[in-house]
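**Q** File name structure.cif; file contents mmCIF, C-alpha atoms; full text below.
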```cif
data_query
loop_
_atom_site.label_atom_id
_atom_site.label_comp_id
_atom_site.auth_asym_id
_atom_site.auth_seq_id
_atom_site.Cartn_x
_atom_site.Cartn_y
_atom_site.Cartn_z
CA MET A 1 -7.55 -12.04 18.22
CA GLY A 2 -10.37 -11.34 15.76
CA ASP A 3 -11.67 -8.01 14.59
CA ILE A 4 -12.87 -5.09 16.67
CA ASP A 5 -16.37 -3.69 16.29
CA PRO A 6 -15.91 -0.36 14.44
CA ALA A 7 -18.11 1.35 17.06
CA PHE A 8 -15.20 1.11 19.52
CA ILE A 9 -12.51 2.58 17.26
CA GLN A 10 -11.20 5.98 18.34
CA PRO A 11 -10.40 8.67 15.75
CA THR A 12 -6.71 8.57 14.85
CA GLU A 13 -5.91 11.80 16.69
CA HIS A 14 -7.35 10.44 19.96
CA ARG A 15 -5.62 7.06 20.04
CA ARG A 16 -2.97 6.36 22.64
CA LYS A 17 0.67 6.78 21.70
CA ALA A 18 3.37 4.23 22.34
CA LYS A 19 5.25 6.79 24.41
CA VAL A 20 3.80 7.51 27.84
CA VAL A 21 4.75 10.70 29.64
CA GLU A 22 5.65 9.84 33.22
CA ALA A 23 4.86 12.55 35.74
CA SER A 24 4.03 12.74 39.42
CA GLU A 25 3.04 16.38 39.30
CA ILE A 26 -0.69 15.97 39.92
CA PRO A 27 -1.03 17.36 43.45
CA VAL A 28 -1.88 15.17 46.44
CA ILE A 29 -3.60 17.23 49.17
CA ASP A 30 -3.87 16.11 52.79
CA LEU A 31 -7.27 17.15 54.14
CA SER A 32 -6.13 16.49 57.71
CA GLU A 33 -3.81 19.52 57.55
CA VAL A 34 -4.77 21.63 60.58
CA ARG A 35 -4.10 24.94 58.83
CA LYS A 36 -7.22 25.42 56.74
CA ASP A 37 -5.68 28.33 54.83
CA VAL A 38 -2.97 25.94 53.58
CA ILE A 39 -5.56 23.49 52.25
CA ILE A 40 -7.53 26.30 50.58
CA SER A 41 -4.38 27.62 48.92
CA GLU A 42 -3.30 24.17 47.70
CA ILE A 43 -6.74 23.42 46.27
CA GLY A 44 -6.93 26.78 44.52
CA LYS A 45 -3.50 26.25 42.95
CA ALA A 46 -4.38 22.69 41.87
CA CYS A 47 -7.70 23.78 40.34
CA GLU A 48 -6.03 26.60 38.43
CA GLU A 49 -2.95 24.74 37.20
CA TRP A 50 -4.29 21.21 36.71
CA GLY A 51 -8.05 21.01 37.14
CA PHE A 52 -7.24 17.71 38.91
CA PHE A 53 -5.86 16.70 42.29
CA GLN A 54 -5.93 13.81 44.74
CA VAL A 55 -7.01 13.95 48.38
CA ILE A 56 -5.91 11.78 51.30
CA ASN A 57 -7.20 11.64 54.90
CA HIS A 58 -10.60 12.59 53.49
CA GLY A 59 -12.86 10.98 56.08
CA VAL A 60 -14.48 8.27 53.94
CA PRO A 61 -13.86 4.97 55.77
CA PHE A 62 -11.43 2.69 53.95
CA GLU A 63 -13.46 -0.35 54.99
CA LEU A 64 -16.54 1.05 53.26
CA SER A 65 -14.64 1.69 50.02
CA THR A 66 -13.38 -1.90 50.14
CA LYS A 67 -16.93 -3.25 50.61
CA VAL A 68 -18.14 -1.25 47.60
CA GLU A 69 -15.35 -2.66 45.43
CA ILE A 70 -16.35 -6.19 46.48
CA GLU A 71 -20.02 -5.55 45.68
CA ALA A 72 -19.09 -4.03 42.31
CA LYS A 73 -17.00 -7.03 41.38
CA LYS A 74 -19.78 -9.45 42.36
CA PHE A 75 -22.33 -7.49 40.31
CA PHE A 76 -20.26 -7.42 37.11
CA GLU A 77 -19.53 -11.14 37.45
CA LYS A 78 -23.25 -11.87 37.09
CA SER A 79 -24.57 -13.18 33.78
CA LEU A 80 -25.50 -10.64 31.14
CA GLU A 81 -29.10 -11.83 31.46
CA GLU A 82 -29.08 -10.98 35.18
CA LYS A 83 -27.44 -7.58 34.67
CA LYS A 84 -29.91 -6.65 31.97
CA LYS A 85 -32.77 -7.03 34.45
CA VAL A 86 -31.70 -3.61 35.74
CA LYS A 87 -30.69 -2.20 32.37
CA ARG A 88 -31.03 1.53 31.93
CA ASP A 89 -32.43 3.32 28.89
CA GLU A 90 -32.95 6.83 27.56
CA PHE A 91 -36.04 7.32 29.72
CA ASN A 92 -34.57 6.10 33.01
CA PRO A 93 -30.79 6.40 32.66
CA VAL A 94 -29.89 4.68 35.94
CA GLY A 95 -28.93 1.04 36.28
CA TYR A 96 -26.78 -1.22 34.11
CA HIS A 97 -25.45 -0.29 30.67
CA ASP A 98 -22.87 -1.90 28.39
CA ALA A 99 -22.92 0.35 25.32
CA GLU A 100 -22.13 3.85 26.53
CA HIS A 101 -20.74 6.36 24.05
CA THR A 102 -18.32 9.20 24.73
CA MET A 103 -18.02 11.78 21.96
CA ASP A 104 -19.91 9.37 19.67
CA VAL A 105 -17.47 6.46 20.16
CA ARG A 106 -18.45 3.40 22.17
CA ASP A 107 -16.54 2.90 25.44
CA TRP A 108 -14.85 -0.40 26.32
CA LYS A 109 -16.63 -0.81 29.64
CA GLU A 110 -19.77 -1.75 31.56
CA VAL A 111 -21.40 0.54 34.12
CA PHE A 112 -23.97 0.56 36.88
CA ASP A 113 -25.36 3.99 37.83
CA TYR A 114 -27.45 4.97 40.83
CA LEU A 115 -28.78 8.25 42.19
CA VAL A 116 -27.65 9.64 45.53
CA GLU A 117 -31.30 10.52 46.19
CA ASP A 118 -33.40 7.46 45.36
CA LYS A 119 -35.64 9.46 43.03
CA ALA A 120 -34.89 12.61 41.07
CA GLN A 121 -36.62 14.79 38.51
CA ILE A 122 -35.11 15.79 35.20
CA PRO A 123 -36.53 17.49 32.08
CA SER A 124 -38.32 15.07 29.78
CA SER A 125 -36.32 16.25 26.78
CA PRO A 126 -33.56 18.69 25.79
CA ASP A 127 -36.19 20.81 23.98
CA PRO A 128 -36.17 24.24 25.71
CA HIS A 129 -39.91 24.62 25.08
CA ASP A 130 -40.80 21.29 26.70
CA MET A 131 -41.57 21.99 30.38
CA ASP A 132 -42.44 18.41 31.30
CA LEU A 133 -40.41 16.58 33.93
CA ARG A 134 -39.86 12.87 34.36
CA THR A 135 -38.87 10.98 37.49
CA LEU A 136 -35.74 8.87 37.55
CA THR A 137 -35.81 5.93 39.97
CA ASN A 138 -32.97 3.72 41.11
CA GLN A 139 -33.00 0.11 39.95
CA TRP A 140 -31.45 -2.44 42.30
CA PRO A 141 -30.51 -6.02 41.40
CA GLN A 142 -32.36 -8.84 43.14
CA ASN A 143 -30.52 -11.57 45.05
CA SER A 144 -27.73 -9.19 46.04
CA PRO A 145 -28.36 -8.89 49.78
CA HIS A 146 -25.77 -6.22 50.69
CA PHE A 147 -25.52 -4.36 47.37
CA LYS A 148 -28.12 -1.63 47.92
CA GLU A 149 -27.30 -0.81 51.54
CA THR A 150 -23.54 -0.74 50.91
CA LEU A 151 -23.84 1.52 47.88
CA GLU A 152 -26.28 3.87 49.59
CA GLU A 153 -23.98 4.22 52.61
CA TYR A 154 -21.05 4.90 50.30
CA ALA A 155 -22.98 7.62 48.45
CA GLN A 156 -23.82 9.35 51.73
CA GLU A 157 -20.18 9.37 52.86
CA VAL A 158 -18.80 10.63 49.55
CA GLU A 159 -21.54 13.26 49.36
CA LYS A 160 -20.21 14.72 52.65
CA LEU A 161 -16.75 14.87 51.10
CA ALA A 162 -18.12 16.51 47.95
CA TYR A 163 -19.75 19.28 49.99
CA LYS A 164 -16.50 19.78 51.93
CA LEU A 165 -14.52 20.07 48.69
CA LEU A 166 -17.10 22.44 47.19
CA GLU A 167 -16.74 24.68 50.24
CA LEU A 168 -12.94 24.67 49.97
CA ILE A 169 -13.13 25.48 46.25
CA SER A 170 -15.57 28.31 46.97
CA LEU A 171 -13.27 29.75 49.66
CA SER A 172 -10.30 29.52 47.30
CA LEU A 173 -12.26 31.74 44.87
CA GLY A 174 -12.88 34.30 47.62
CA LEU A 175 -16.53 33.30 47.93
CA ALA A 176 -18.58 32.23 50.94
CA ALA A 177 -18.10 28.56 51.82
CA ASP A 178 -21.81 27.83 51.31
CA LYS A 179 -22.15 29.98 48.19
CA PHE A 180 -23.39 27.09 46.02
CA HIS A 181 -25.09 24.84 48.63
CA GLY A 182 -28.57 25.83 47.51
CA CYS A 183 -27.89 24.52 44.00
CA PHE A 184 -27.77 20.97 45.34
CA LYS A 185 -31.17 20.81 47.01
CA ASN A 186 -32.99 18.07 45.06
CA GLN A 187 -29.68 17.31 43.40
CA LEU A 188 -29.20 14.94 40.48
CA SER A 189 -25.91 13.57 41.82
CA MET A 190 -25.09 9.96 41.02
CA VAL A 191 -22.51 7.28 41.63
CA ARG A 192 -21.21 5.02 38.88
CA LEU A 193 -19.57 1.63 39.12
CA ASN A 194 -17.22 1.27 36.15
CA TYR A 195 -15.92 -2.11 34.97
CA TYR A 196 -13.25 -2.20 32.25
CA PRO A 197 -12.61 -5.72 30.92
CA PRO A 198 -9.21 -6.56 29.43
CA CYS A 199 -9.06 -5.32 25.85
CA PRO A 200 -7.08 -6.93 23.00
CA PHE A 201 -7.13 -3.65 21.03
CA PRO A 202 -5.56 -1.05 23.37
CA ASP A 203 -4.26 1.03 20.46
CA LEU A 204 -7.74 1.41 18.95
CA ALA A 205 -10.23 1.48 21.83
CA HIS A 206 -10.50 3.40 25.11
CA GLY A 207 -12.24 2.55 28.34
CA ILE A 208 -13.62 6.09 28.14
CA GLY A 209 -12.78 8.46 25.31
CA CYS A 210 -11.42 11.93 25.99
CA HIS A 211 -14.06 14.18 27.54
CA LYS A 212 -14.87 16.71 30.24
CA ASP A 213 -17.46 16.13 32.94
CA PRO A 214 -20.74 18.13 32.85
CA ASN A 215 -21.25 18.27 36.65
CA ALA A 216 -19.66 20.49 39.34
CA ILE A 217 -16.92 18.23 40.71
CA THR A 218 -16.15 14.53 40.38
CA VAL A 219 -14.86 12.41 43.27
CA LEU A 220 -13.26 9.24 41.88
CA ALA A 221 -12.08 6.08 43.61
CA GLN A 222 -9.85 3.90 41.43
CA ASP A 223 -8.16 0.55 41.98
CA ASP A 224 -4.43 -0.12 41.60
CA VAL A 225 -4.53 -0.97 37.87
CA GLY A 226 -4.39 2.60 36.58
CA GLY A 227 -5.55 3.86 33.21
CA LEU A 228 -6.88 7.34 33.97
CA GLN A 229 -5.01 10.01 32.01
CA VAL A 230 -5.28 13.80 32.20
CA LYS A 231 -4.44 16.21 29.39
CA ARG A 232 -1.87 18.57 30.87
CA LYS A 233 -2.79 22.22 30.36
CA SER A 234 0.76 23.42 29.74
CA ASP A 235 1.61 21.24 26.73
CA GLY A 236 -1.35 18.98 25.90
CA GLU A 237 0.49 15.78 26.87
CA TRP A 238 -1.50 12.92 28.36
CA ILE A 239 -0.38 12.33 31.96
CA PRO A 240 -1.28 9.11 33.82
CA VAL A 241 -2.86 9.59 37.23
CA LYS A 242 -0.99 7.04 39.31
CA PRO A 243 -3.22 5.33 41.86
CA THR A 244 -2.52 6.48 45.42
CA PRO A 245 -3.69 4.07 48.17
CA ASN A 246 -6.93 5.21 49.86
CA ALA A 247 -7.03 8.47 47.90
CA PHE A 248 -9.78 10.06 45.83
CA VAL A 249 -9.08 11.76 42.52
CA ILE A 250 -10.93 15.07 42.24
CA ASN A 251 -11.56 16.98 39.07
CA VAL A 252 -13.06 20.36 38.28
CA ALA A 253 -16.03 19.92 35.97
CA ASP A 254 -18.07 22.19 33.70
CA VAL A 255 -20.29 23.80 36.32
CA VAL A 256 -17.37 24.96 38.49
CA GLN A 257 -15.63 26.23 35.36
CA VAL A 258 -18.62 28.45 34.60
CA TRP A 259 -19.18 29.48 38.24
CA SER A 260 -15.50 30.52 38.46
CA ASN A 261 -15.77 32.41 35.15
CA ASP A 262 -12.89 30.33 33.71
CA LYS A 263 -10.50 30.84 36.62
CA TYR A 264 -10.73 27.09 37.20
CA LYS A 265 -11.03 25.12 33.99
CA GLY A 266 -11.90 21.48 33.65
CA VAL A 267 -9.50 19.47 31.53
CA GLU A 268 -9.96 16.60 29.15
CA HIS A 269 -9.35 13.16 30.57
CA ARG A 270 -9.72 9.59 29.35
CA VAL A 271 -9.23 5.98 30.42
CA VAL A 272 -6.91 3.70 28.46
CA VAL A 273 -7.37 -0.05 28.65
CA SER A 274 -5.18 -2.94 29.70
CA THR A 275 -4.70 -6.10 27.66
CA GLN A 276 -4.18 -8.21 30.77
CA ARG A 277 -6.06 -6.82 33.76
CA GLU A 278 -9.63 -5.80 34.46
CA ARG A 279 -10.08 -2.41 36.12
CA PHE A 280 -12.71 -0.98 38.47
CA SER A 281 -13.37 2.65 39.33
CA ILE A 282 -16.16 4.47 41.18
CA PRO A 283 -16.85 8.11 40.31
CA PHE A 284 -19.28 10.28 42.28
CA PHE A 285 -20.71 12.99 40.01
CA PHE A 286 -21.86 16.03 42.03
CA PHE A 287 -24.78 17.36 39.97
CA PRO A 288 -26.94 20.41 40.81
CA ALA A 289 -30.75 20.23 40.69
CA HIS A 290 -32.52 20.34 37.33
CA HIS A 291 -33.89 23.87 37.85
CA VAL A 292 -30.50 25.50 38.54
CA MET A 293 -29.43 28.20 36.10
CA VAL A 294 -25.65 28.01 35.75
CA LYS A 295 -23.75 31.27 35.26
CA PRO A 296 -20.58 32.96 36.53
CA ALA A 297 -20.73 33.98 40.19
CA GLU A 298 -21.64 37.65 40.37
CA GLU A 299 -18.82 38.32 42.87
CA LEU A 300 -16.28 37.28 40.22
CA VAL A 301 -17.66 39.47 37.43
CA ASN A 302 -16.81 43.15 36.91
CA GLU A 303 -15.77 45.57 34.14
CA GLN A 304 -12.24 44.20 34.08
CA ASN A 305 -13.45 40.59 34.17
CA PRO A 306 -16.82 40.39 32.40
CA ALA A 307 -18.94 37.24 32.32
CA ARG A 308 -17.57 34.72 29.85
CA TYR A 309 -20.73 32.59 29.66
CA ARG A 310 -24.43 33.19 29.24
CA GLU A 311 -26.51 31.29 31.75
CA TYR A 312 -27.94 27.89 30.93
CA ASN A 313 -30.39 25.52 32.58
CA PHE A 314 -28.56 22.56 34.05
CA GLY A 315 -31.43 20.09 33.65
CA LYS A 316 -31.78 20.76 29.91
CA PHE A 317 -28.02 20.56 29.48
CA LEU A 318 -27.89 17.19 31.25
CA ALA A 319 -30.90 15.87 29.31
CA ASN A 320 -29.06 16.62 26.07
CA ARG A 321 -25.93 14.83 27.29
CA THR A 322 -27.89 11.84 28.58
CA HIS A 323 -29.48 11.26 25.18
CA ALA A 324 -26.01 11.35 23.62
CA ASP A 325 -24.77 8.48 25.82
CA PHE A 326 -26.81 5.86 23.99
CA LYS A 327 -26.08 6.26 20.32
CA LYS A 328 -24.01 8.00 17.70
CA ARG A 329 -25.42 11.39 16.74
CA ASP A 330 -25.23 13.44 13.58
CA MET A 331 -24.47 16.62 15.50
CA GLU A 332 -21.90 17.70 18.07
CA ASN A 333 -22.84 16.93 21.68
CA LEU A 334 -23.82 20.00 23.69
CA GLN A 335 -20.80 21.47 25.55
CA ILE A 336 -20.32 24.53 27.75
CA HIS A 337 -18.38 26.24 24.97
CA HIS A 338 -21.73 26.60 23.20
CA PHE A 339 -22.65 29.09 25.95
CA LYS A 340 -19.40 31.02 25.75
CA ILE A 341 -19.73 34.73 25.00
CA LEU A 342 -16.15 35.84 25.64
CA ASP A 343 -12.82 34.04 25.20
#
```
In structure tokens, how does this file's structure come out?

**A**
Amino acid sequence: MGDIDPAFIQPTEHRRKAKVVEASEIPVIDLSEVRKDVIISEIGKACEEWGFFQVINHGVPFELSTKVEIEAKKFFEKSLEEKKKVKRDEFNPVGYHDAEHTMDVRDWKEVFDYLVEDKAQIPSSPDPHDMDLRTLTNQWPQNSPHFKETLEEYAQEVEKLAYKLLELISLSLGLAADKFHGCFKNQLSMVRLNYYPPCPFPDLAHGIGCHKDPNAITVLAQDDVGGLQVKRKSDGEWIPVKPTPNAFVINVADVVQVWSNDKYKGVEHRVVVSTQRERFSIPFFFFPAHHVMVKPAEELVNEQNPARYREYNFGKFLANRTHADFKKRDMENLQIHHFKILD
């Protein structure tokens, strides 16, 4: 079996346990329900109790999702030399990467990232005094005739779903459906192809270590292998999210947590690895624009429920997190709790 690179080893308290808690409680919501008030109520309850839910009858064509999975598989089967021709770095963090870190521990996976909008601007550095912007540009592999067009079409379809979900979440908070639409003009949203090879050290390494997402909401397609686990709010147990055919897994992320003033809280999640089977997943990260100042919605703040966060610039926050993806750091990664002013 050999030895594992120490960079992959999870801290003892984060390693998987032999016992797996079986649960089918994570809600599955049918978006074809004709009574919109029912959908809004179900989403509000799921966001409040779980921070995670699955959606079916969502409008994204099944055939398109299948084509994306095929293209992803073909890409990751390429030689490392070929994949590294579109390798990302700290200055243009889109493209291929095989050494991502989550909470300073290397993930057992390979990824390919691309922007929903082919170019996007982001702060040049996390330094609050640095006003310079840099342009991120998608990198596409050569000799992959259908890769770019298939992935771009997929991004457009899932983006429509993300806006629909954002509207339903807004309505469930008692806000206007389009309350946050303006935050996504010149958005930084991206899609990721995740590839998790079989791992001989499942008790030591994770596909992705436990974390919360920094965006607004995440729309995840996963294959039938499984591995995604959610930390249940009620008792802290890790609950597997069982794959549901042609469903998307949705999770509340940091920005919605702040906008909702902690009514809807994101939860920690992780991906455990299989010793036998490779796994593919495709998350869509719905990111606001770099200039957006994130703070609790004014309609949700009053004397009885004061703001729990001071506002922060999303671009600077993301720039800090992006730098942390590439190497181990001597300081804690920036999190939304650093902006908390009231528990």

**Q** On this structure, the PyMOL selection byres ((chain A and resi 221) around 6) would catch which residues? List them as a PyMOL selection string, sorted by chain and number.

**A** chain A and resi 220+222+248+281-282

**Q** Per residue of segment 109-147 of chain A within 10 Å of segment 181-187 of chain A, what are the shortest atom pair and its distance in Å to one decimal, counting all atoms listed in the file, with rows by chain and residue number, as a Markdown table?

**A**
```
| residue | atom | partner | partner_atom | distance |
| --- | --- | --- | --- | --- |
| A:Leu115 | CA | A:Gln187 | CA | 9.2 |
| A:Val116 | CA | A:Gln187 | CA | 8.2 |
| A:Glu117 | CA | A:Gln187 | CA | 7.5 |
| A:Lys119 | CA | A:Asn186 | CA | 9.2 |
| A:Ala120 | CA | A:Asn186 | CA | 7.0 |
| A:Gln121 | CA | A:Asn186 | CA | 8.2 |
| A:Ile122 | CA | A:Gln187 | CA | 10.0 |
```

**Q** Hey, can you spit out that residue selection with C-alpha atoms as a short mmCIF file (atom, residue, chain, number, x, y, z; two decimals), keeping the file's coordinate frame?

**A**
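This went into result32.cif:
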```
data_model
loop_
_atom_site.label_atom_id
_atom_site.label_comp_id
_atom_site.auth_asym_id
_atom_site.auth_seq_id
_atom_site.Cartn_x
_atom_site.Cartn_y
_atom_site.Cartn_z
CA LEU A 115 -28.78 8.25 42.19
CA VAL A 116 -27.65 9.64 45.53
CA GLU A 117 -31.30 10.52 46.19
CA LYS A 119 -35.64 9.46 43.03
CA ALA A 120 -34.89 12.61 41.07
CA GLN A 121 -36.62 14.79 38.51
CA ILE A 122 -35.11 15.79 35.20
#
```

**Q** For the atom pair atom CA of Lys85 of chain A and atom CA of Pro141 of chain A, what is the interatomic distance in Å to one decimal place?

**A**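 About the pair atom CA of Lys85 of chain A and atom CA of Pro141 of chain A: they are 7.4 Å apart.
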
**Q** Please write as a compact mmCIF listing (two decimals) with C-alpha atoms, keeping the file's coordinate frame the full residue list that the PyMOL selection byres ((chain A and resi 208) around 7) yields on this file.

**A**
```txt
# COMPACT_ATOMS: atom_id res chain seq x y z
CA THR A 102 -18.32 9.20 24.73
CA ASP A 107 -16.54 2.90 25.44
CA TRP A 108 -14.85 -0.40 26.32
CA HIS A 206 -10.50 3.40 25.11
CA GLY A 207 -12.24 2.55 28.34
CA GLY A 209 -12.78 8.46 25.31
CA CYS A 210 -11.42 11.93 25.99
CA ARG A 270 -9.72 9.59 29.35
CA VAL A 271 -9.23 5.98 30.42
```

**Q** Residues at most 12 Å from Cys47 of chain A, counting all atoms listed in the file, excluding those fewer than 4 positions away in the same chain, as a PDB file with C-alpha atoms, in the frame of the given file?

**A**
```
ATOM      1  CA  ILE A  26      -0.690  15.970  39.920  1.00  0.00           C
ATOM      2  CA  PRO A  27      -1.030  17.360  43.450  1.00  0.00           C
ATOM      3  CA  ILE A  29      -3.600  17.230  49.170  1.00  0.00           C
ATOM      4  CA  ILE A  40      -7.530  26.300  50.580  1.00  0.00           C
ATOM      5  CA  SER A  41      -4.380  27.620  48.920  1.00  0.00           C
ATOM      6  CA  GLU A  42      -3.300  24.170  47.700  1.00  0.00           C
ATOM      7  CA  ILE A  43      -6.740  23.420  46.270  1.00  0.00           C
ATOM      8  CA  GLY A  51      -8.050  21.010  37.140  1.00  0.00           C
ATOM      9  CA  PHE A  52      -7.240  17.710  38.910  1.00  0.00           C
ATOM     10  CA  PHE A  53      -5.860  16.700  42.290  1.00  0.00           C
ATOM     11  CA  GLN A  54      -5.930  13.810  44.740  1.00  0.00           C
ATOM     12  CA  LEU A 165     -14.520  20.070  48.690  1.00  0.00           C
ATOM     13  CA  LEU A 166     -17.100  22.440  47.190  1.00  0.00           C
ATOM     14  CA  LEU A 168     -12.940  24.670  49.970  1.00  0.00           C
ATOM     15  CA  ILE A 169     -13.130  25.480  46.250  1.00  0.00           C
ATOM     16  CA  SER A 170     -15.570  28.310  46.970  1.00  0.00           C
ATOM     17  CA  SER A 172     -10.300  29.520  47.300  1.00  0.00           C
ATOM     18  CA  LEU A 173     -12.260  31.740  44.870  1.00  0.00           C
ATOM     19  CA  ILE A 217     -16.920  18.230  40.710  1.00  0.00           C
ATOM     20  CA  LYS A 233      -2.790  22.220  30.360  1.00  0.00           C
ATOM     21  CA  ILE A 250     -10.930  15.070  42.240  1.00  0.00           C
ATOM     22  CA  ASN A 251     -11.560  16.980  39.070  1.00  0.00           C
ATOM     23  CA  VAL A 252     -13.060  20.360  38.280  1.00  0.00           C
ATOM     24  CA  ALA A 253     -16.030  19.920  35.970  1.00  0.00           C
ATOM     25  CA  VAL A 256     -17.370  24.960  38.490  1.00  0.00           C
ATOM     26  CA  GLN A 257     -15.630  26.230  35.360  1.00  0.00           C
ATOM     27  CA  SER A 260     -15.500  30.520  38.460  1.00  0.00           C
ATOM     28  CA  ASP A 262     -12.890  30.330  33.710  1.00  0.00           C
ATOM     29  CA  LYS A 263     -10.500  30.840  36.620  1.00  0.00           C
ATOM     30  CA  TYR A 264     -10.730  27.090  37.200  1.00  0.00           C
ATOM     31  CA  LYS A 265     -11.030  25.120  33.990  1.00  0.00           C
ATOM     32  CA  GLY A 266     -11.900  21.480  33.650  1.00  0.00           C
ATOM     33  CA  VAL A 267      -9.500  19.470  31.530  1.00  0.00           C
TER      34      VAL A 267
END
```

**Q** Give as a list in words the residues that the PyMOL selection byres ((chain A and resi 143) around 12) matches when applied to the coordinates above.

**A** Lys74, Phe75, Lys78, Glu82, Lys83, Lys85, Trp140, Pro141, Gln142, Ser144, Pro145, His146, Phe147 and Lys148 of chain A

**Q** Please write the residues from the selection above to a file, keeping C-alpha atoms, as a tab-separated table (two decimals), in the frame of the given file.

**A**
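Contents of selection_5.tsv, as written:
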```
chain	number	residue	atom	x	y	z
A	74	LYS	CA	-19.78	-9.45	42.36
A	75	PHE	CA	-22.33	-7.49	40.31
A	78	LYS	CA	-23.25	-11.87	37.09
A	82	GLU	CA	-29.08	-10.98	35.18
A	83	LYS	CA	-27.44	-7.58	34.67
A	85	LYS	CA	-32.77	-7.03	34.45
A	140	TRP	CA	-31.45	-2.44	42.30
A	141	PRO	CA	-30.51	-6.02	41.40
A	142	GLN	CA	-32.36	-8.84	43.14
A	144	SER	CA	-27.73	-9.19	46.04
A	145	PRO	CA	-28.36	-8.89	49.78
A	146	HIS	CA	-25.77	-6.22	50.69
A	147	PHE	CA	-25.52	-4.36	47.37
A	148	LYS	CA	-28.12	-1.63	47.92
```

**Q** Pick out the closest residue to Lys231 of chain A from this set: A:Ala247, A:Phe287, A:Lys212, A:Val301. Count only C-alpha atoms.

**A**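 Ranking A:Ala247, A:Phe287, A:Lys212, A:Val301 by distance to Lys231 of chain A, first place goes to A:Lys212.
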
**Q** Write out as a PDB file with C-alpha atoms, keeping the file's coordinate frame which residues come within 8 Å of Phe285 of chain A when counting all atoms listed in the file, dropping same-chain ones fewer than 2 positions away.

**A**
```
ATOM      1  CA  SER A 189     -25.910  13.570  41.820  1.00  0.00           C
ATOM      2  CA  MET A 190     -25.090   9.960  41.020  1.00  0.00           C
ATOM      3  CA  VAL A 191     -22.510   7.280  41.630  1.00  0.00           C
ATOM      4  CA  ASN A 215     -21.250  18.270  36.650  1.00  0.00           C
ATOM      5  CA  ALA A 216     -19.660  20.490  39.340  1.00  0.00           C
ATOM      6  CA  ILE A 217     -16.920  18.230  40.710  1.00  0.00           C
ATOM      7  CA  THR A 218     -16.150  14.530  40.380  1.00  0.00           C
ATOM      8  CA  VAL A 219     -14.860  12.410  43.270  1.00  0.00           C
ATOM      9  CA  PRO A 283     -16.850   8.110  40.310  1.00  0.00           C
ATOM     10  CA  PHE A 287     -24.780  17.360  39.970  1.00  0.00           C
TER      11      PHE A 287
END
```
